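Trainee: This is upload_10.csv, which holds CSV, N, CA and C atoms:
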```
chain,number,residue,atom,x,y,z
X,1,MET,N,0.8,-1.2,0.0
X,1,MET,CA,0.0,0.0,0.0
X,1,MET,C,0.9,1.3,0.0
X,2,LYS,N,1.9,1.2,0.7
X,2,LYS,CA,2.8,2.4,0.8
X,2,LYS,C,3.5,2.6,-0.5
X,3,LEU,N,3.9,1.6,-1.1
X,3,LEU,CA,4.6,1.7,-2.4
X,3,LEU,C,3.6,2.2,-3.5
X,4,PHE,N,2.3,1.8,-3.4
X,4,PHE,CA,1.3,2.3,-4.3
X,4,PHE,C,1.2,3.8,-4.2
X,5,THR,N,1.3,4.4,-3.0
X,5,THR,CA,1.3,5.8,-2.8
X,5,THR,C,2.4,6.5,-3.5
X,6,VAL,N,3.6,5.9,-3.4
X,6,VAL,CA,4.8,6.5,-4.1
X,6,VAL,C,4.6,6.4,-5.6
X,7,PHE,N,4.1,5.3,-6.1
X,7,PHE,CA,3.9,5.2,-7.6
X,7,PHE,C,2.8,6.2,-8.0
X,8,ALA,N,1.8,6.4,-7.2
X,8,ALA,CA,0.7,7.3,-7.6
X,8,ALA,C,1.3,8.7,-7.6
X,9,LEU,N,2.2,9.1,-6.7
X,9,LEU,CA,2.8,10.4,-6.8
X,9,LEU,C,3.6,10.6,-8.1
X,10,ILE,N,4.3,9.5,-8.4
X,10,ILE,CA,5.1,9.6,-9.6
X,10,ILE,C,4.2,9.7,-10.9
X,11,LEU,N,3.1,9.0,-10.9
X,11,LEU,CA,2.2,9.0,-12.0
X,11,LEU,C,1.5,10.4,-12.1
X,12,SER,N,1.4,11.1,-11.0
X,12,SER,CA,0.8,12.4,-11.0
X,12,SER,C,1.6,13.4,-11.9
X,13,ILE,N,2.9,13.2,-12.1
X,13,ILE,CA,3.7,14.0,-13.0
X,13,ILE,C,3.0,14.1,-14.4
X,14,PHE,N,2.5,13.0,-14.8
X,14,PHE,CA,1.9,12.9,-16.1
X,14,PHE,C,0.5,13.2,-16.2
X,15,THR,N,-0.2,13.1,-15.0
X,15,THR,CA,-1.7,13.3,-15.0
X,15,THR,C,-2.1,14.7,-14.6
X,16,ILE,N,-1.1,15.5,-14.2
X,16,ILE,CA,-1.4,16.9,-13.8
X,16,ILE,C,-2.0,17.7,-15.0
X,17,PRO,N,-1.5,17.6,-16.2
X,17,PRO,CA,-2.0,18.4,-17.3
X,17,PRO,C,-3.4,17.9,-17.8
X,18,ILE,N,-3.9,16.8,-17.4
X,18,ILE,CA,-5.2,16.3,-17.8
X,18,ILE,C,-6.2,17.0,-16.9
X,19,SER,N,-7.1,17.8,-17.5
X,19,SER,CA,-8.1,18.6,-16.8
X,19,SER,C,-9.5,18.3,-17.3
X,20,VAL,N,-10.5,18.9,-16.7
X,20,VAL,CA,-11.9,18.8,-17.1
X,20,VAL,C,-12.4,20.2,-17.4
X,21,ASN,N,-13.0,20.4,-18.5
X,21,ASN,CA,-13.6,21.7,-18.8
X,21,ASN,C,-15.0,21.9,-18.3
X,22,GLU,N,-15.6,23.0,-18.6
X,22,GLU,CA,-17.0,23.3,-18.1
X,22,GLU,C,-18.0,22.3,-18.6
X,23,LYS,N,-17.8,21.6,-19.7
X,23,LYS,CA,-18.7,20.6,-20.3
X,23,LYS,C,-18.4,19.2,-19.8
X,24,LEU,N,-17.5,19.1,-18.8
X,24,LEU,CA,-17.0,17.9,-18.2
X,24,LEU,C,-16.4,16.9,-19.2
X,25,GLN,N,-15.6,17.5,-20.1
X,25,GLN,CA,-14.8,16.8,-21.1
X,25,GLN,C,-13.4,16.9,-20.7
X,26,LEU,N,-12.7,15.7,-20.8
X,26,LEU,CA,-11.3,15.7,-20.5
X,26,LEU,C,-10.5,16.4,-21.7
X,27,TYR,N,-9.5,17.2,-21.3
X,27,TYR,CA,-8.6,17.7,-22.3
X,27,TYR,C,-7.2,17.8,-21.7
X,28,TYR,N,-6.2,18.0,-22.5
X,28,TYR,CA,-4.8,18.0,-22.1
X,28,TYR,C,-4.3,19.4,-22.2
X,29,ASN,N,-4.1,20.0,-21.0
X,29,ASN,CA,-3.6,21.4,-20.9
X,29,ASN,C,-2.1,21.5,-21.0
X,30,LYS,N,-1.6,21.9,-22.1
X,30,LYS,CA,-0.1,22.0,-22.3
X,30,LYS,C,0.6,23.0,-21.4
X,31,GLU,N,-0.2,24.0,-20.8
X,31,GLU,CA,0.4,25.0,-19.9
X,31,GLU,C,0.8,24.4,-18.6
X,32,LEU,N,0.1,23.3,-18.2
X,32,LEU,CA,0.4,22.6,-16.9
X,32,LEU,C,1.5,21.6,-16.9
X,33,ILE,N,2.1,21.3,-18.1
X,33,ILE,CA,3.2,20.3,-18.2
X,33,ILE,C,4.4,20.8,-17.4
X,34,LEU,N,4.9,20.0,-16.5
X,34,LEU,CA,6.0,20.3,-15.7
X,34,LEU,C,7.3,20.4,-16.5
X,35,GLU,N,8.1,21.4,-16.2
X,35,GLU,CA,9.4,21.5,-16.9
X,35,GLU,C,10.4,20.4,-16.3
X,36,THR,N,11.5,20.1,-17.1
X,36,THR,CA,12.4,19.1,-16.7
X,36,THR,C,12.9,19.3,-15.3
X,37,TYR,N,13.4,20.5,-14.9
X,37,TYR,CA,14.0,20.7,-13.6
X,37,TYR,C,12.9,20.5,-12.5
X,38,LYS,N,11.6,20.9,-12.8
X,38,LYS,CA,10.6,20.7,-11.8
X,38,LYS,C,10.3,19.2,-11.6
X,39,ILE,N,10.3,18.4,-12.7
X,39,ILE,CA,10.1,17.0,-12.5
X,39,ILE,C,11.2,16.4,-11.7
X,40,LYS,N,12.5,16.8,-11.9
X,40,LYS,CA,13.6,16.3,-11.2
X,40,LYS,C,13.5,16.7,-9.7
X,41,GLU,N,13.1,17.9,-9.4
X,41,GLU,CA,12.9,18.3,-8.0
X,41,GLU,C,11.7,17.5,-7.3
X,42,PHE,N,10.7,17.3,-8.1
X,42,PHE,CA,9.5,16.6,-7.5
X,42,PHE,C,9.9,15.2,-7.3
X,43,LEU,N,10.6,14.5,-8.2
X,43,LEU,CA,11.1,13.1,-7.9
X,43,LEU,C,12.0,13.1,-6.7
X,44,GLN,N,12.9,14.0,-6.6
X,44,GLN,CA,13.8,14.1,-5.4
X,44,GLN,C,12.9,14.2,-4.1
X,45,PHE,N,11.9,15.0,-4.1
X,45,PHE,CA,11.0,15.2,-3.0
X,45,PHE,C,10.3,13.8,-2.7
X,46,ILE,N,9.8,13.2,-3.7
X,46,ILE,CA,9.0,12.0,-3.5
X,46,ILE,C,9.9,10.9,-2.9
X,47,PHE,N,11.1,10.7,-3.5
X,47,PHE,CA,12.0,9.6,-3.1
X,47,PHE,C,12.6,9.9,-1.7
X,48,GLY,N,12.9,11.2,-1.5
X,48,GLY,CA,13.4,11.6,-0.1
X,48,GLY,C,12.3,11.4,0.9
X,49,SER,N,11.1,11.7,0.7
X,49,SER,CA,10.0,11.5,1.6
X,49,SER,C,9.7,10.1,1.8
X,50,ALA,N,9.8,9.3,0.8
X,50,ALA,CA,9.5,7.8,0.9
X,50,ALA,C,10.6,7.2,1.7
X,51,LEU,N,11.9,7.5,1.5
X,51,LEU,CA,13.0,7.0,2.3
X,51,LEU,C,12.8,7.3,3.8
X,52,PHE,N,12.5,8.6,4.0
X,52,PHE,CA,12.3,9.0,5.4
X,52,PHE,C,11.1,8.3,6.1
X,53,PHE,N,10.0,8.1,5.3
X,53,PHE,CA,8.8,7.4,5.8
X,53,PHE,C,9.1,6.0,6.1
X,54,PHE,N,9.8,5.3,5.2
X,54,PHE,CA,10.1,3.8,5.4
X,54,PHE,C,11.1,3.7,6.5
X,55,PHE,N,12.0,4.6,6.7
X,55,PHE,CA,13.0,4.6,7.8
X,55,PHE,C,12.2,4.7,9.1
X,56,LEU,N,11.3,5.6,9.2
X,56,LEU,CA,10.5,5.8,10.4
X,56,LEU,C,9.6,4.6,10.7
X,57,VAL,N,9.0,4.0,9.7
X,57,VAL,CA,8.2,2.8,10.0
X,57,VAL,C,9.0,1.7,10.5
X,58,ASN,N,10.2,1.5,9.9
X,58,ASN,CA,11.1,0.4,10.4
X,58,ASN,C,11.6,0.7,11.8
X,59,ILE,N,11.9,1.9,12.1
X,59,ILE,CA,12.3,2.2,13.5
X,59,ILE,C,11.2,1.9,14.5
X,60,TYR,N,10.0,2.3,14.1
X,60,TYR,CA,8.8,2.1,15.0
X,60,TYR,C,8.6,0.6,15.2
X,61,ALA,N,8.8,-0.2,14.2
X,61,ALA,CA,8.5,-1.7,14.3
X,61,ALA,C,9.6,-2.4,15.1
X,62,LYS,N,10.7,-1.8,15.4
X,62,LYS,CA,11.8,-2.5,16.0
X,62,LYS,C,11.5,-2.8,17.5
X,63,GLY,N,10.7,-2.1,18.2
X,63,GLY,CA,10.5,-2.3,19.6
X,63,GLY,C,10.2,-1.1,20.4
X,64,LYS,N,10.1,-1.3,21.7
X,64,LYS,CA,9.7,-0.2,22.6
X,64,LYS,C,10.7,0.9,22.6
X,65,THR,N,11.9,0.6,22.7
X,65,THR,CA,13.0,1.7,22.8
X,65,THR,C,13.0,2.5,21.5
X,66,TRP,N,12.9,1.8,20.4
X,66,TRP,CA,13.0,2.5,19.1
X,66,TRP,C,11.7,3.2,18.8
X,67,SER,N,10.6,2.8,19.4
X,67,SER,CA,9.4,3.6,19.2
X,67,SER,C,9.5,5.0,19.9
X,68,LYS,N,10.3,5.1,20.9
X,68,LYS,CA,10.5,6.4,21.6
X,68,LYS,C,11.3,7.2,20.6
X,69,VAL,N,12.3,6.7,19.9
X,69,VAL,CA,13.1,7.4,18.9
X,69,VAL,C,12.2,7.9,17.8
X,70,PHE,N,11.2,7.0,17.4
X,70,PHE,CA,10.3,7.4,16.4
X,70,PHE,C,9.5,8.6,16.8
X,71,TYR,N,8.9,8.6,18.0
X,71,TYR,CA,8.1,9.7,18.5
X,71,TYR,C,9.0,11.0,18.7
X,72,VAL,N,10.2,10.9,19.1
X,72,VAL,CA,11.0,12.0,19.3
X,72,VAL,C,11.3,12.6,17.9
X,73,THR,N,11.6,11.8,16.9
X,73,THR,CA,11.8,12.2,15.5
X,73,THR,C,10.6,13.0,15.0
X,74,LEU,N,9.4,12.4,15.2
X,74,LEU,CA,8.2,13.1,14.8
X,74,LEU,C,8.0,14.5,15.4
X,75,ILE,N,8.3,14.5,16.7
X,75,ILE,CA,8.2,15.8,17.4
X,75,ILE,C,9.2,16.8,16.9
X,76,LEU,N,10.4,16.4,16.6
X,76,LEU,CA,11.4,17.3,16.0
X,76,LEU,C,11.0,17.7,14.6
X,77,LEU,N,10.5,16.8,13.9
X,77,LEU,CA,10.0,17.2,12.5
X,77,LEU,C,8.8,18.2,12.6
X,78,PHE,N,7.9,18.0,13.6
X,78,PHE,CA,6.8,19.0,13.8
X,78,PHE,C,7.3,20.3,14.2
X,79,VAL,N,8.3,20.4,15.1
X,79,VAL,CA,8.8,21.7,15.6
X,79,VAL,C,9.5,22.4,14.4
X,80,TYR,N,10.3,21.6,13.7
X,80,TYR,CA,11.0,22.2,12.5
X,80,TYR,C,10.1,22.7,11.5
X,81,SER,N,9.0,22.0,11.2
X,81,SER,CA,8.0,22.4,10.2
X,81,SER,C,7.3,23.7,10.7
X,82,LEU,N,6.9,23.7,11.9
X,82,LEU,CA,6.2,24.8,12.5
X,82,LEU,C,7.1,26.1,12.5
X,83,THR,N,8.4,25.9,12.8
X,83,THR,CA,9.4,27.0,12.8
X,83,THR,C,9.5,27.5,11.4
X,84,MET,N,9.7,26.7,10.4
X,84,MET,CA,9.8,27.1,9.0
X,84,MET,C,8.5,27.8,8.5
X,85,ALA,N,7.4,27.4,8.9
X,85,ALA,CA,6.1,28.0,8.5
X,85,ALA,C,6.0,29.4,9.1
X,86,ILE,N,6.4,29.6,10.4
X,86,ILE,CA,6.3,30.9,11.0
X,86,ILE,C,7.4,31.8,10.4
X,87,ASN,N,8.6,31.2,10.1
X,87,ASN,CA,9.6,32.0,9.5
X,87,ASN,C,9.2,32.5,8.1
X,88,LEU,N,8.6,31.7,7.3
X,88,LEU,CA,8.1,32.1,6.0
X,88,LEU,C,7.0,33.1,6.0
X,89,ILE,N,6.2,33.0,7.1
X,89,ILE,CA,5.1,34.0,7.2
X,89,ILE,C,5.7,35.4,7.6
X,90,ALA,N,6.7,35.3,8.5
X,90,ALA,CA,7.3,36.5,9.0
X,90,ALA,C,8.2,37.2,8.0
X,91,LYS,N,8.9,36.4,7.3
X,91,LYS,CA,9.9,36.9,6.3
X,91,LYS,C,9.6,36.3,4.9
X,92,PRO,N,8.6,36.7,4.2
X,92,PRO,CA,8.3,36.1,2.9
X,92,PRO,C,9.4,36.3,1.9
X,93,ILE,N,9.6,35.3,1.0
X,93,ILE,CA,10.6,35.4,0.0
X,93,ILE,C,10.0,36.1,-1.2
X,94,PRO,N,10.7,37.2,-1.7
X,94,PRO,CA,10.2,37.9,-2.9
X,94,PRO,C,10.4,37.0,-4.1
X,95,HIS,N,9.4,37.0,-5.0
X,95,HIS,CA,9.5,36.3,-6.2
X,95,HIS,C,9.6,37.2,-7.4
```
What is this structure when it is put down as structure tokens?
Mentor:
Amino acid sequence: MKLFTVFALILSIFTIPISVNEKLQLYYNKELILETYKIKEFLQFIFGSALFFFFLVNIYAKGKTWSKVFYVTLILLFVYSLTMAINLIAKPIPH
């Protein structure tokens, strides 16, 4: 099931340009096609997230002591994500 999610995310690279118009007809929107560097970055994100996820699942499954490491890692990830979100709100990056 977890690998299915990873494959579905990879498949989304090719299905993003497929849209539905007002008449509920499928069409291929060429403006939504990802550029090569964006595909590379998206694949890096997918595989990096998958590795981290499978690493955490394996740590959790090892036993009671390792489950504490799992929870500490999740708390650190939460704190880091919250800090980054607040930082980006306080100091937006100009585009």
Trainee: Which neighbours of range 25-42 of chain X fall inside 8 Å, counting only N, CA and C atoms, when residues of the same chain fewer than 4 positions from it are skipped, and could you give them as a tab-separated table (two decimals) with N, CA and C atoms, keeping the file's coordinate frame?
Mentor:
```
chain	number	residue	atom	x	y	z
X	9	LEU	N	2.20	9.10	-6.70
X	9	LEU	CA	2.80	10.40	-6.80
X	9	LEU	C	3.60	10.60	-8.10
X	10	ILE	N	4.30	9.50	-8.40
X	10	ILE	CA	5.10	9.60	-9.60
X	10	ILE	C	4.20	9.70	-10.90
X	13	ILE	N	2.90	13.20	-12.10
X	13	ILE	CA	3.70	14.00	-13.00
X	13	ILE	C	3.00	14.10	-14.40
X	14	PHE	N	2.50	13.00	-14.80
X	14	PHE	CA	1.90	12.90	-16.10
X	14	PHE	C	0.50	13.20	-16.20
X	16	ILE	N	-1.10	15.50	-14.20
X	16	ILE	CA	-1.40	16.90	-13.80
X	16	ILE	C	-2.00	17.70	-15.00
X	17	PRO	N	-1.50	17.60	-16.20
X	17	PRO	CA	-2.00	18.40	-17.30
X	17	PRO	C	-3.40	17.90	-17.80
X	18	ILE	N	-3.90	16.80	-17.40
X	18	ILE	CA	-5.20	16.30	-17.80
X	18	ILE	C	-6.20	17.00	-16.90
X	19	SER	N	-7.10	17.80	-17.50
X	19	SER	CA	-8.10	18.60	-16.80
X	19	SER	C	-9.50	18.30	-17.30
X	20	VAL	N	-10.50	18.90	-16.70
X	20	VAL	CA	-11.90	18.80	-17.10
X	20	VAL	C	-12.40	20.20	-17.40
X	21	ASN	N	-13.00	20.40	-18.50
X	21	ASN	CA	-13.60	21.70	-18.80
X	21	ASN	C	-15.00	21.90	-18.30
X	46	ILE	N	9.80	13.20	-3.70
X	46	ILE	CA	9.00	12.00	-3.50
X	46	ILE	C	9.90	10.90	-2.90
X	47	PHE	N	11.10	10.70	-3.50
X	47	PHE	CA	12.00	9.60	-3.10
X	47	PHE	C	12.60	9.90	-1.70
X	48	GLY	N	12.90	11.20	-1.50
X	48	GLY	CA	13.40	11.60	-0.10
X	48	GLY	C	12.30	11.40	0.90
```
Trainee: Tell me, in Å to one decimal, how far CA of Val69 in chain X is from atom N of Leu56 in chain X.
Mentor: 10.0 Å
Trainee: Can you tell me, as a PyMOL selection string, which residues in range 3-77 of chain X count as helix (DSSP H, G or I) by DSSP?
Mentor: chain X and resi 3-15+30-32+36-61+64-77
Trainee: Rounded to one decimal, what separation in Å do you get between CA of Thr65 in chain X and CA of Phe53 in chain X?
Mentor: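 These atoms are spaced 18.4 Å apart.
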Trainee: Show me, as a PyMOL selection string, the residues that have an atom within 12 Å of Val57 in chain X when counting only C-alpha atoms, minus same-chain residues fewer than 6 positions from it.
Mentor: chain X and resi 2+50-51+63+66-67+69-71+73-74
Trainee: What are the DSSP strand (DSSP E) residues of chain X, as a PyMOL selection string?
Mentor: chain X and resi 18-20+26-28
Trainee: Work out how far apart atom C of Leu11 in chain X and CA of Ser81 in chain X are and give it in Å to one decimal.
Mentor: 26.1 Å
